[in-house]
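Engineer: Below you'll find the structure I mean.
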Amino acid sequence: MAIKRSMTRPYRSGPFEPASASGQPGYWLEPQTLGIAPGRLNKPLNQLELLDLWRREEQEPFSGWDFRHLNGRHWTDDPKTWSYMDHASELLRQSKSAVDLDTGGGEQLLELRPHWPTKLYATESYPPNVKLATERLALYGVKVFDVATTYDGLMPFADGEFDLVLNRHGSFNPAEVGRVLAPGGTFFTQQVHARTNWDLQAVFGAKTPWPDAKPEYYVPRLESAGLTIVHVKESIGRHGFTDVGALIFYLKVIPWTVPGFSVDTHQQALLSLHQRLEGGQPLAFEWRSYVIEARKS
Ligand SMILES: C[S@@+](CC[C@H](N)C(=O)[O-])C[C@H]1O[C@@H](n2cnc3c(N)ncnc32)[C@H](O)[C@@H]1O
């Protein structure tokens, strides 16, 4: 969807018209987006048009873990001091065998391809992504195991099978990570903190389904599994959206943020966010992440 952007008001999907007499905020779109006459576009959208636009947004296709649809409409201001991809590359280069847990559609793992070791596996459990990751990774000889890596689930790998276990934004069982690592092997994970989006969820009356997703939960469990913590780094930043449509796409494709979310069920909250944006406040929320690197003794 093409939304013209204002250079002077970066958090809006503008250039915005002033609020109309009916109080509805302005929303400036490419003519083809709504199928309405271009002459109509210098007037703000009314509520019905906004809802129509938003319902189209929630129907936008999404596959794998690919957020390109939000390019230019979602921003992150994250002061983190690490690069997951750089460090994962370095660790892969030092390894002979590795597994990527919860690989999604395999997007990040494929980006790391120049650094892959000879033996590489992945796990995934969300059926559309099992299919997608299997298709993509099989081309390069990487087997995808259809297994859910939950807090306490088991993994179909032998004791000490890997030099490296990677996990980016996926769940994992610390005891199983410890079991499948060879002595001297490394576990490296980047996680989205439980506090991420607490303020966005509050708007919709939702709470994180994973209150334990914090270093305080994982670190002692990794230590009990025979790993020594090399480092834990945490970063607290913000992320935000240029327009409510972008937020709707995000909430649809990450369904655990606001369980049961749809434009129709959460219309009032969406309209209040739209007004907030029109009032000059950015659609910005807490984004907190951390990395843990640990080594098997
Ligand atoms: C946050 S994704 C991260 C994927 C990958 N490691 C990455 O960093 O791009 C973690 C898990 O959520 C799964 N997932 C994605 N969409 C889902 C959905 N609608 N319902 C349930 N799980 C989903 C993914 O398949 C993946 O296993």
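By order in the structure tokens, chains are A, B, ...; within a chain, residues start at 1; ligands start at 1, following the order shown.
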For region 63-68 of chain A, please output as a list in words all residues within 10 Å (counting only C-alpha atoms; exclusion window: fewer than 2 positions along the same chain).
Structural biologist: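 Once the adjacent positions are removed, what remains is Pro61, Leu70, Asn71, Gly72, Arg73, His74, Thr103, Gly104, Gly105, Gly106, Glu107, Gln108, Tyr126, Pro128, Asn129, Val130, Lys131, Leu132, Ala133, Phe249, Tyr250, Val253 and Ile254 of chain A.
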Engineer: Would you mind listing what lies within 7 Å of region 231-240 of chain A as a CSV table (one decimal) with C-alpha atoms, in the first residue's frame, with only C-alpha atoms counted and same-chain residues fewer than 3 positions away left out?
Structural biologist:
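See part28.csv below for the written result:
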```
chain,number,residue,atom,x,y,z
A,74,HIS,CA,7.7,0.7,11.2
A,75,TRP,CA,10.8,2.2,13.0
A,76,THR,CA,12.9,1.1,15.8
A,77,ASP,CA,15.0,3.2,18.1
A,78,ASP,CA,17.0,0.6,19.9
A,79,PRO,CA,20.3,1.5,21.6
A,80,LYS,CA,21.5,-2.1,21.6
A,283,LEU,CA,2.5,5.6,17.9
A,284,ALA,CA,5.5,4.5,19.9
A,285,PHE,CA,5.9,1.7,22.4
A,286,GLU,CA,8.5,0.0,24.5
A,287,TRP,CA,10.9,-2.4,22.7
A,288,ARG,CA,13.2,-4.4,25.0
A,289,SER,CA,15.5,-7.1,23.9
A,290,TYR,CA,18.5,-9.1,25.3
A,291,VAL,CA,21.1,-11.5,24.3
A,292,ILE,CA,22.5,-14.4,26.3
A,293,GLU,CA,25.7,-16.2,25.3
```
Engineer: Which one is closest to ligand 1: A:Leu110, A:Val177, A:Val144, A:Leu101? Count only C-alpha atoms and all ligand atoms.
Structural biologist: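 Ranking A:Leu110, A:Val177, A:Val144, A:Leu101 by distance to ligand 1, first place goes to A:Leu101.
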Engineer: CA of Arg113 (chain A) and CA of Glu161 (chain A), how far apart in Å?
Structural biologist: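 These two atoms are separated by 20.3 Å.
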Engineer: So, counting only C-alpha atoms and all ligand atoms, which residue among A:Phe62, A:Phe187, A:Trp54, A:Trp82 is closest to ligand 1?
Structural biologist: A:Phe62
Engineer: Which residue, A:Ala148, A:Ala138, A:Val244, A:Phe261, has the smallest gap to Gln275 (chain A) when you use only C-alpha atoms?
Structural biologist: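 Using only C-alpha atoms, the shortest distance to Gln275 (chain A) belongs to A:Val244.
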Engineer: Could you pull out the residues in region 210-275 of chain A that DSSP calls strand (DSSP E) from the backbone, as a PyMOL selection string?
Structural biologist: chain A and resi 227-241
Engineer: Which of these residues is nearest to ligand 1, using only C-alpha atoms and all ligand atoms: A:Ala213, A:Leu166, A:Leu50, A:Ala206?
Structural biologist: A:Leu166
Engineer: Taking 4 positions as the minimum chain separation for residues in the same chain, which residues sit within 12 Å of Glu223 (chain A) when counting only C-alpha atoms? Answer as an NGL selection string.
Structural biologist: :A and (174-175 or 177-178 or 187 or 215-219 or 227-230 or 292-297)
Engineer: Would you export the selected residues with C-alpha atoms as a PDB file, in the first residue's frame, please?
Structural biologist:
```pdb
ATOM      1  CA  PRO A 174      17.476 -24.545  28.837  1.00  0.00           C
ATOM      2  CA  ALA A 175      17.928 -28.162  30.028  1.00  0.00           C
ATOM      3  CA  VAL A 177      20.061 -26.802  25.151  1.00  0.00           C
ATOM      4  CA  GLY A 178      22.585 -27.968  27.754  1.00  0.00           C
ATOM      5  CA  PHE A 187      24.485 -21.240  23.032  1.00  0.00           C
ATOM      6  CA  PRO A 215      17.150 -13.055  31.581  1.00  0.00           C
ATOM      7  CA  GLU A 216      16.238 -13.639  35.265  1.00  0.00           C
ATOM      8  CA  TYR A 217      14.266 -16.708  34.187  1.00  0.00           C
ATOM      9  CA  TYR A 218      16.744 -18.191  31.722  1.00  0.00           C
ATOM     10  CA  VAL A 219      20.140 -17.487  33.321  1.00  0.00           C
ATOM     11  CA  LEU A 227      26.425 -23.801  31.058  1.00  0.00           C
ATOM     12  CA  THR A 228      28.567 -20.864  32.101  1.00  0.00           C
ATOM     13  CA  ILE A 229      27.205 -17.464  31.179  1.00  0.00           C
ATOM     14  CA  VAL A 230      29.612 -15.582  28.897  1.00  0.00           C
ATOM     15  CA  ILE A 292      22.547 -14.398  26.268  1.00  0.00           C
ATOM     16  CA  GLU A 293      25.702 -16.206  25.321  1.00  0.00           C
ATOM     17  CA  ALA A 294      26.573 -19.300  27.375  1.00  0.00           C
ATOM     18  CA  ARG A 295      29.197 -22.032  27.105  1.00  0.00           C
ATOM     19  CA  LYS A 296      28.960 -25.689  28.076  1.00  0.00           C
ATOM     20  CA  SER A 297      31.710 -26.626  30.520  1.00  0.00           C
TER      21      SER A 297
END
```
Engineer: Tell me which of A:Ala225, A:Leu120, A:Ala246, A:Val142 sits closest to Leu181 (chain A), counting only C-alpha atoms.
Structural biologist: A:Ala225
Engineer: Quote the spacing between CA of His193 (chain A) and CA of Ser171 (chain A) in Å to one decimal place.
Structural biologist: 11.7 Å
Engineer: Which residue, A:Val180, A:Leu91, A:Val203, A:Met85, has the smallest gap to ligand 1 when you use only C-alpha atoms and all ligand atoms?
Structural biologist: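 Ranking A:Val180, A:Leu91, A:Val203, A:Met85 by distance to ligand 1, first place goes to A:Met85.
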Engineer: With DSSP run on the backbone, what are the helix (DSSP H, G or I) residues within region 36-142 of chain A? I'd like them as a ChimeraX atom specification.
Structural biologist: /A:38-42,47-58,68-70,84-93,107-111,113-115,127-138
Engineer: Could you state the separation of CA of Tyr140 (chain A) and CA of Pro156 (chain A) in Å, given to one decimal place?
Structural biologist: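 These atoms are spaced 21.0 Å apart.
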